[in-house]
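Novice: Next comes start-v5.cif, mmCIF, N, CA and C atoms:
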```
data_structure
loop_
_atom_site.group_PDB
_atom_site.id
_atom_site.type_symbol
_atom_site.label_atom_id
_atom_site.label_comp_id
_atom_site.auth_asym_id
_atom_site.auth_seq_id
_atom_site.Cartn_x
_atom_site.Cartn_y
_atom_site.Cartn_z
ATOM 1 N N MET Q 1 -10.378 -5.394 3.734
ATOM 2 C CA MET Q 1 -9.342 -4.643 3.052
ATOM 3 C C MET Q 1 -9.074 -3.316 3.759
ATOM 4 N N GLU Q 2 -10.083 -2.770 4.417
ATOM 5 C CA GLU Q 2 -9.903 -1.483 5.082
ATOM 6 C C GLU Q 2 -8.863 -1.562 6.193
ATOM 7 N N ILE Q 3 -8.826 -2.680 6.897
ATOM 8 C CA ILE Q 3 -7.844 -2.839 7.967
ATOM 9 C C ILE Q 3 -6.429 -2.882 7.387
ATOM 10 N N PHE Q 4 -6.265 -3.565 6.260
ATOM 11 C CA PHE Q 4 -4.950 -3.662 5.632
ATOM 12 C C PHE Q 4 -4.468 -2.300 5.149
ATOM 13 N N ILE Q 5 -5.387 -1.480 4.642
ATOM 14 C CA ILE Q 5 -5.030 -0.119 4.228
ATOM 15 C C ILE Q 5 -4.527 0.663 5.435
ATOM 16 N N LEU Q 6 -5.241 0.552 6.534
ATOM 17 C CA LEU Q 6 -4.842 1.263 7.748
ATOM 18 C C LEU Q 6 -3.489 0.784 8.262
ATOM 19 N N VAL Q 7 -3.249 -0.512 8.204
ATOM 20 C CA VAL Q 7 -1.966 -1.060 8.656
ATOM 21 C C VAL Q 7 -0.828 -0.553 7.784
ATOM 22 N N CYS Q 8 -1.032 -0.533 6.467
ATOM 23 C CA CYS Q 8 0.014 -0.041 5.565
ATOM 24 C C CYS Q 8 0.315 1.434 5.800
ATOM 25 N N LEU Q 9 -0.712 2.210 6.085
ATOM 26 C CA LEU Q 9 -0.500 3.633 6.309
ATOM 27 C C LEU Q 9 0.108 3.922 7.681
ATOM 28 N N LEU Q 10 -0.143 3.053 8.654
ATOM 29 C CA LEU Q 10 0.394 3.267 10.000
ATOM 30 C C LEU Q 10 1.762 2.628 10.227
ATOM 31 N N ALA Q 11 2.207 1.752 9.335
ATOM 32 C CA ALA Q 11 3.490 1.069 9.518
ATOM 33 C C ALA Q 11 4.663 2.038 9.670
ATOM 34 N N PRO Q 12 4.800 3.089 8.834
ATOM 35 C CA PRO Q 12 5.919 4.015 9.041
ATOM 36 C C PRO Q 12 5.813 4.800 10.354
ATOM 37 N N VAL Q 13 4.608 5.093 10.774
ATOM 38 C CA VAL Q 13 4.430 5.814 12.042
ATOM 39 C C VAL Q 13 4.879 4.949 13.209
ATOM 40 N N LEU Q 14 4.474 3.693 13.199
ATOM 41 C CA LEU Q 14 4.886 2.781 14.266
ATOM 42 C C LEU Q 14 6.378 2.480 14.208
ATOM 43 N N ALA Q 15 6.945 2.447 13.008
ATOM 44 C CA ALA Q 15 8.390 2.234 12.873
ATOM 45 C C ALA Q 15 9.165 3.419 13.429
ATOM 46 N N LYS Q 16 8.663 4.620 13.198
ATOM 47 C CA LYS Q 16 9.318 5.812 13.757
ATOM 48 C C LYS Q 16 9.246 5.782 15.279
ATOM 49 N N TYR Q 17 8.095 5.366 15.800
ATOM 50 C CA TYR Q 17 7.924 5.267 17.247
ATOM 51 C C TYR Q 17 8.852 4.204 17.847
ATOM 52 N N ALA Q 18 9.071 3.112 17.107
ATOM 53 C CA ALA Q 18 9.941 2.037 17.591
ATOM 54 C C ALA Q 18 11.423 2.341 17.383
ATOM 55 N N GLY Q 19 11.728 3.356 16.582
ATOM 56 C CA GLY Q 19 13.114 3.740 16.371
ATOM 57 C C GLY Q 19 13.824 2.995 15.256
ATOM 58 N N ILE Q 20 13.082 2.352 14.381
ATOM 59 C CA ILE Q 20 13.717 1.611 13.287
ATOM 60 C C ILE Q 20 13.466 2.257 11.929
ATOM 61 N N MET Q 21 12.837 3.400 11.901
ATOM 62 C CA MET Q 21 12.494 4.059 10.641
ATOM 63 C C MET Q 21 13.742 4.494 9.878
ATOM 64 N N GLU Q 22 14.744 5.009 10.565
ATOM 65 C CA GLU Q 22 15.941 5.533 9.907
ATOM 66 C C GLU Q 22 16.758 4.423 9.247
ATOM 67 N N ARG Q 23 16.666 3.221 9.766
ATOM 68 C CA ARG Q 23 17.458 2.117 9.215
ATOM 69 C C ARG Q 23 16.914 1.613 7.890
ATOM 70 N N ALA Q 24 15.606 1.701 7.696
ATOM 71 C CA ALA Q 24 14.990 1.158 6.476
ATOM 72 C C ALA Q 24 13.921 2.117 5.960
ATOM 73 N N LYS Q 25 14.315 3.364 5.767
ATOM 74 C CA LYS Q 25 13.358 4.402 5.389
ATOM 75 C C LYS Q 25 12.721 4.138 4.025
ATOM 76 N N ARG Q 26 13.492 3.688 3.056
ATOM 77 C CA ARG Q 26 12.958 3.450 1.704
ATOM 78 C C ARG Q 26 11.900 2.336 1.717
ATOM 79 N N GLY Q 27 12.145 1.283 2.480
ATOM 80 C CA GLY Q 27 11.180 0.187 2.566
ATOM 81 C C GLY Q 27 9.867 0.625 3.192
ATOM 82 N N PHE Q 28 9.959 1.428 4.249
ATOM 83 C CA PHE Q 28 8.739 1.922 4.885
ATOM 84 C C PHE Q 28 8.010 2.924 3.987
ATOM 85 N N SER Q 29 8.742 3.643 3.171
ATOM 86 C CA SER Q 29 8.091 4.541 2.209
ATOM 87 C C SER Q 29 7.314 3.746 1.170
ATOM 88 N N LEU Q 30 7.859 2.623 0.735
ATOM 89 C CA LEU Q 30 7.133 1.763 -0.206
ATOM 90 C C LEU Q 30 5.878 1.176 0.423
ATOM 91 N N ILE Q 31 5.956 0.805 1.686
ATOM 92 C CA ILE Q 31 4.786 0.254 2.370
ATOM 93 C C ILE Q 31 3.704 1.322 2.518
ATOM 94 N N ALA Q 32 4.095 2.545 2.834
ATOM 95 C CA ALA Q 32 3.113 3.634 2.920
ATOM 96 C C ALA Q 32 2.518 3.941 1.543
ATOM 97 N N GLY Q 33 3.346 3.885 0.513
ATOM 98 C CA GLY Q 33 2.849 4.072 -0.852
ATOM 99 C C GLY Q 33 1.861 2.984 -1.238
ATOM 100 N N ALA Q 34 2.098 1.774 -0.768
ATOM 101 C CA ALA Q 34 1.158 0.683 -1.025
ATOM 102 C C ALA Q 34 -0.180 0.958 -0.358
ATOM 103 N N GLY Q 35 -0.142 1.545 0.829
ATOM 104 C CA GLY Q 35 -1.402 1.908 1.493
ATOM 105 C C GLY Q 35 -2.206 2.903 0.678
ATOM 106 N N VAL Q 36 -1.527 3.857 0.082
ATOM 107 C CA VAL Q 36 -2.203 4.841 -0.771
ATOM 108 C C VAL Q 36 -2.761 4.170 -2.020
ATOM 109 N N LEU Q 37 -1.999 3.247 -2.608
ATOM 110 C CA LEU Q 37 -2.486 2.530 -3.788
ATOM 111 C C LEU Q 37 -3.672 1.639 -3.448
ATOM 112 N N TYR Q 38 -3.659 1.000 -2.285
ATOM 113 C CA TYR Q 38 -4.807 0.203 -1.862
ATOM 114 C C TYR Q 38 -6.032 1.085 -1.629
ATOM 115 N N LEU Q 39 -5.800 2.276 -1.101
ATOM 116 C CA LEU Q 39 -6.908 3.216 -0.920
ATOM 117 C C LEU Q 39 -7.499 3.601 -2.263
ATOM 118 N N LEU Q 40 -6.652 3.824 -3.255
ATOM 119 C CA LEU Q 40 -7.131 4.127 -4.602
ATOM 120 C C LEU Q 40 -7.876 2.934 -5.200
ATOM 121 N N ALA Q 41 -7.354 1.725 -5.019
ATOM 122 C CA ALA Q 41 -8.024 0.525 -5.537
ATOM 123 C C ALA Q 41 -9.391 0.356 -4.895
ATOM 124 N N HIS Q 42 -9.468 0.632 -3.615
ATOM 125 C CA HIS Q 42 -10.740 0.502 -2.906
ATOM 126 C C HIS Q 42 -11.745 1.560 -3.359
ATOM 127 N N SER Q 43 -11.261 2.713 -3.756
ATOM 128 C CA SER Q 43 -12.159 3.787 -4.179
ATOM 129 C C SER Q 43 -12.826 3.495 -5.519
ATOM 130 N N PHE Q 44 -12.276 2.576 -6.304
ATOM 131 C CA PHE Q 44 -12.906 2.220 -7.566
ATOM 132 C C PHE Q 44 -14.243 1.511 -7.356
ATOM 133 N N GLY Q 45 -14.495 1.038 -6.157
ATOM 134 C CA GLY Q 45 -15.787 0.434 -5.855
ATOM 135 C C GLY Q 45 -16.915 1.447 -5.809
ATOM 136 N N GLN Q 46 -16.588 2.722 -5.774
ATOM 137 C CA GLN Q 46 -17.602 3.775 -5.713
ATOM 138 C C GLN Q 46 -18.025 4.267 -7.086
ATOM 139 N N THR Q 47 -17.659 3.559 -8.143
ATOM 140 C CA THR Q 47 -17.970 4.038 -9.486
ATOM 141 C C THR Q 47 -19.437 3.886 -9.848
ATOM 142 N N GLU Q 48 -20.237 3.209 -9.004
ATOM 143 C CA GLU Q 48 -21.654 3.133 -9.314
ATOM 144 C C GLU Q 48 -22.335 4.496 -9.186
ATOM 145 N N LEU Q 49 -21.643 5.449 -8.587
ATOM 146 C CA LEU Q 49 -22.169 6.801 -8.479
ATOM 147 C C LEU Q 49 -22.023 7.570 -9.786
ATOM 148 N N LEU Q 50 -21.177 7.067 -10.694
ATOM 149 C CA LEU Q 50 -20.963 7.730 -11.976
ATOM 150 C C LEU Q 50 -22.046 7.329 -12.976
ATOM 151 N N VAL Q 51 -22.378 8.241 -13.835
ATOM 152 C CA VAL Q 51 -23.365 7.946 -14.877
ATOM 153 C C VAL Q 51 -22.615 7.773 -16.200
ATOM 154 N N VAL Q 52 -21.758 6.769 -16.218
ATOM 155 C CA VAL Q 52 -20.952 6.472 -17.389
ATOM 156 C C VAL Q 52 -21.175 5.001 -17.729
ATOM 157 N N ASP Q 53 -21.257 4.698 -19.012
ATOM 158 C CA ASP Q 53 -21.516 3.319 -19.420
ATOM 159 C C ASP Q 53 -20.375 2.382 -19.060
ATOM 160 N N GLU Q 54 -19.159 2.862 -19.093
ATOM 161 C CA GLU Q 54 -17.986 2.023 -18.828
ATOM 162 C C GLU Q 54 -17.599 1.992 -17.346
ATOM 163 N N ALA Q 55 -18.470 2.442 -16.455
ATOM 164 C CA ALA Q 55 -18.121 2.526 -15.042
ATOM 165 C C ALA Q 55 -17.870 1.146 -14.434
ATOM 166 N N ALA Q 56 -18.622 0.141 -14.855
ATOM 167 C CA ALA Q 56 -18.420 -1.203 -14.298
ATOM 168 C C ALA Q 56 -17.059 -1.766 -14.688
ATOM 169 N N GLU Q 57 -16.660 -1.565 -15.936
ATOM 170 C CA GLU Q 57 -15.339 -2.031 -16.370
ATOM 171 C C GLU Q 57 -14.234 -1.259 -15.662
ATOM 172 N N LEU Q 58 -14.431 0.032 -15.504
ATOM 173 C CA LEU Q 58 -13.449 0.866 -14.807
ATOM 174 C C LEU Q 58 -13.277 0.395 -13.368
ATOM 175 N N ALA Q 59 -14.371 0.061 -12.734
ATOM 176 C CA ALA Q 59 -14.307 -0.406 -11.343
ATOM 177 C C ALA Q 59 -13.558 -1.720 -11.232
ATOM 178 N N THR Q 60 -13.833 -2.631 -12.134
ATOM 179 C CA THR Q 60 -13.190 -3.950 -12.070
ATOM 180 C C THR Q 60 -11.701 -3.860 -12.368
ATOM 181 N N TYR Q 61 -11.362 -3.281 -13.492
ATOM 182 C CA TYR Q 61 -9.961 -3.251 -13.892
ATOM 183 C C TYR Q 61 -9.133 -2.300 -13.040
ATOM 184 N N GLY Q 62 -9.677 -1.173 -12.657
ATOM 185 C CA GLY Q 62 -8.943 -0.232 -11.809
ATOM 186 C C GLY Q 62 -8.639 -0.818 -10.447
ATOM 187 N N SER Q 63 -9.615 -1.505 -9.880
ATOM 188 C CA SER Q 63 -9.416 -2.129 -8.579
ATOM 189 C C SER Q 63 -8.350 -3.213 -8.645
ATOM 190 N N TYR Q 64 -8.414 -4.058 -9.669
ATOM 191 C CA TYR Q 64 -7.406 -5.111 -9.821
ATOM 192 C C TYR Q 64 -6.019 -4.534 -10.092
ATOM 193 N N LEU Q 65 -5.946 -3.562 -10.964
ATOM 194 C CA LEU Q 65 -4.660 -2.985 -11.351
ATOM 195 C C LEU Q 65 -3.950 -2.356 -10.156
ATOM 196 N N PHE Q 66 -4.639 -1.473 -9.453
ATOM 197 C CA PHE Q 66 -3.984 -0.802 -8.340
ATOM 198 C C PHE Q 66 -3.821 -1.713 -7.130
ATOM 199 N N GLY Q 67 -4.655 -2.736 -7.009
ATOM 200 C CA GLY Q 67 -4.460 -3.735 -5.961
ATOM 201 C C GLY Q 67 -3.191 -4.535 -6.180
ATOM 202 N N ILE Q 68 -2.934 -4.913 -7.417
ATOM 203 C CA ILE Q 68 -1.721 -5.676 -7.738
ATOM 204 C C ILE Q 68 -0.474 -4.811 -7.576
ATOM 205 N N ILE Q 69 -0.548 -3.573 -8.035
ATOM 206 C CA ILE Q 69 0.600 -2.671 -7.872
ATOM 207 C C ILE Q 69 0.879 -2.432 -6.385
ATOM 208 N N GLY Q 70 -0.176 -2.256 -5.594
ATOM 209 C CA GLY Q 70 -0.007 -2.085 -4.150
ATOM 210 C C GLY Q 70 0.598 -3.312 -3.503
ATOM 211 N N TRP Q 71 0.177 -4.491 -3.955
ATOM 212 C CA TRP Q 71 0.730 -5.721 -3.404
ATOM 213 C C TRP Q 71 2.221 -5.839 -3.707
ATOM 214 N N ILE Q 72 2.613 -5.441 -4.909
ATOM 215 C CA ILE Q 72 4.036 -5.465 -5.271
ATOM 216 C C ILE Q 72 4.811 -4.485 -4.393
ATOM 217 N N PHE Q 73 4.251 -3.305 -4.143
ATOM 218 C CA PHE Q 73 4.914 -2.337 -3.266
ATOM 219 C C PHE Q 73 5.082 -2.903 -1.863
ATOM 220 N N VAL Q 74 4.055 -3.557 -1.332
ATOM 221 C CA VAL Q 74 4.157 -4.149 0.008
ATOM 222 C C VAL Q 74 5.219 -5.247 0.020
ATOM 223 N N LEU Q 75 5.222 -6.078 -0.996
ATOM 224 C CA LEU Q 75 6.191 -7.173 -1.063
ATOM 225 C C LEU Q 75 7.620 -6.640 -1.099
ATOM 226 N N VAL Q 76 7.890 -5.702 -1.989
ATOM 227 C CA VAL Q 76 9.248 -5.157 -2.117
ATOM 228 C C VAL Q 76 9.637 -4.382 -0.852
ATOM 229 N N GLY Q 77 8.722 -3.569 -0.345
ATOM 230 C CA GLY Q 77 9.012 -2.791 0.864
ATOM 231 C C GLY Q 77 9.297 -3.667 2.067
ATOM 232 N N THR Q 78 8.510 -4.713 2.240
ATOM 233 C CA THR Q 78 8.719 -5.616 3.373
ATOM 234 C C THR Q 78 10.041 -6.360 3.254
ATOM 235 N N LEU Q 79 10.372 -6.795 2.055
ATOM 236 C CA LEU Q 79 11.660 -7.473 1.868
ATOM 237 C C LEU Q 79 12.825 -6.522 2.118
ATOM 238 N N MET Q 80 12.691 -5.265 1.700
ATOM 239 C CA MET Q 80 13.755 -4.289 1.946
ATOM 240 C C MET Q 80 13.931 -4.032 3.435
ATOM 241 N N VAL Q 81 12.825 -3.881 4.150
ATOM 242 C CA VAL Q 81 12.907 -3.646 5.605
ATOM 243 C C VAL Q 81 13.525 -4.853 6.293
ATOM 244 N N ALA Q 82 13.076 -6.044 5.933
ATOM 245 C CA ALA Q 82 13.614 -7.247 6.562
ATOM 246 C C ALA Q 82 15.113 -7.396 6.297
ATOM 247 N N TYR Q 83 15.539 -7.102 5.078
ATOM 248 C CA TYR Q 83 16.951 -7.207 4.730
ATOM 249 C C TYR Q 83 17.780 -6.181 5.511
ATOM 250 N N LYS Q 84 17.314 -4.937 5.546
ATOM 251 C CA LYS Q 84 18.065 -3.889 6.245
ATOM 252 C C LYS Q 84 18.177 -4.186 7.734
ATOM 253 N N LEU Q 85 17.100 -4.663 8.333
ATOM 254 C CA LEU Q 85 17.126 -4.945 9.764
ATOM 255 C C LEU Q 85 17.921 -6.205 10.083
ATOM 256 N N ALA Q 86 17.944 -7.173 9.169
ATOM 257 C CA ALA Q 86 18.698 -8.401 9.404
ATOM 258 C C ALA Q 86 20.198 -8.205 9.207
ATOM 259 N N MET Q 87 20.614 -7.245 8.388
ATOM 260 C CA MET Q 87 22.027 -7.049 8.090
ATOM 261 C C MET Q 87 22.722 -6.111 9.059
ATOM 262 N N GLU Q 88 22.020 -5.672 10.069
ATOM 263 C CA GLU Q 88 22.666 -4.787 11.052
ATOM 264 C C GLU Q 88 23.542 -5.591 11.988
ATOM 265 N N GLU Q 89 24.532 -4.922 12.497
ATOM 266 C CA GLU Q 89 25.445 -5.563 13.434
ATOM 267 C C GLU Q 89 25.141 -5.141 14.839
#
```
Before anything else, please render the file you have as structure tokens.
Specialist:
Amino acid sequence: MEIFILVCLLAPVLAKYAGIMERAKRGFSLIAGAGVLYLLAHSFGQTELLVVDEAAELATYGSYLFGIIGWIFVLVGTLMVAYKLAMEE
């Protein structure tokens, strides 16, 4: 999962370098936002450091919740980028 987080966070940087960032800026912003959400989902695995009784439930549900939201962001962002780049003349 760590590699996927890095890819999501680097996608807008590589798009800017390739010169396609301006054409589909909103889609790349969603992909970068997904990287941040995946980072948050991954951080829920560190809840064993907390001395709270509900830490195990928090880790499970928080990781799933933000993982799913991040996946939706990647899906929508990728479709937006593909559509914008395919509709150019």
Novice: Run the PyMOL selection byres ((chain Q and resi 26-42) around 6.5) against the file shown and list the residues it catches, as a PyMOL selection string.
Specialist: chain Q and resi 4-6+8-9+11-12+23-25+43-46+62-64+66-67+69-71+73-74+76-78+80-81
Novice: Using Å and a single decimal, report how far CA of Ala18 (chain Q) sits from CA of Lys84 (chain Q).
Specialist: 15.2 Å
Novice: So how many Å separate CA of Glu22 (chain Q) and CA of Ile72 (chain Q), to one decimal?
Specialist: 22.2 Å
Novice: Provide an axis-aligned box for all listed atoms of region 64-74 of chain Q, padding each side by 4 Å; report its centre and its edge lengths in Å to one decimal, as JSON.
Specialist:
```
{"center_x": -1.6, "center_y": -3.3, "center_z": -5.7, "size_x": 21.6, "size_y": 13.0, "size_z": 19.4}
```
Novice: Expressed in Å to a single decimal, how great is the separation between atom N of Met21 (chain Q) and atom N of Ala86 (chain Q)?
Specialist: 12.1 Å
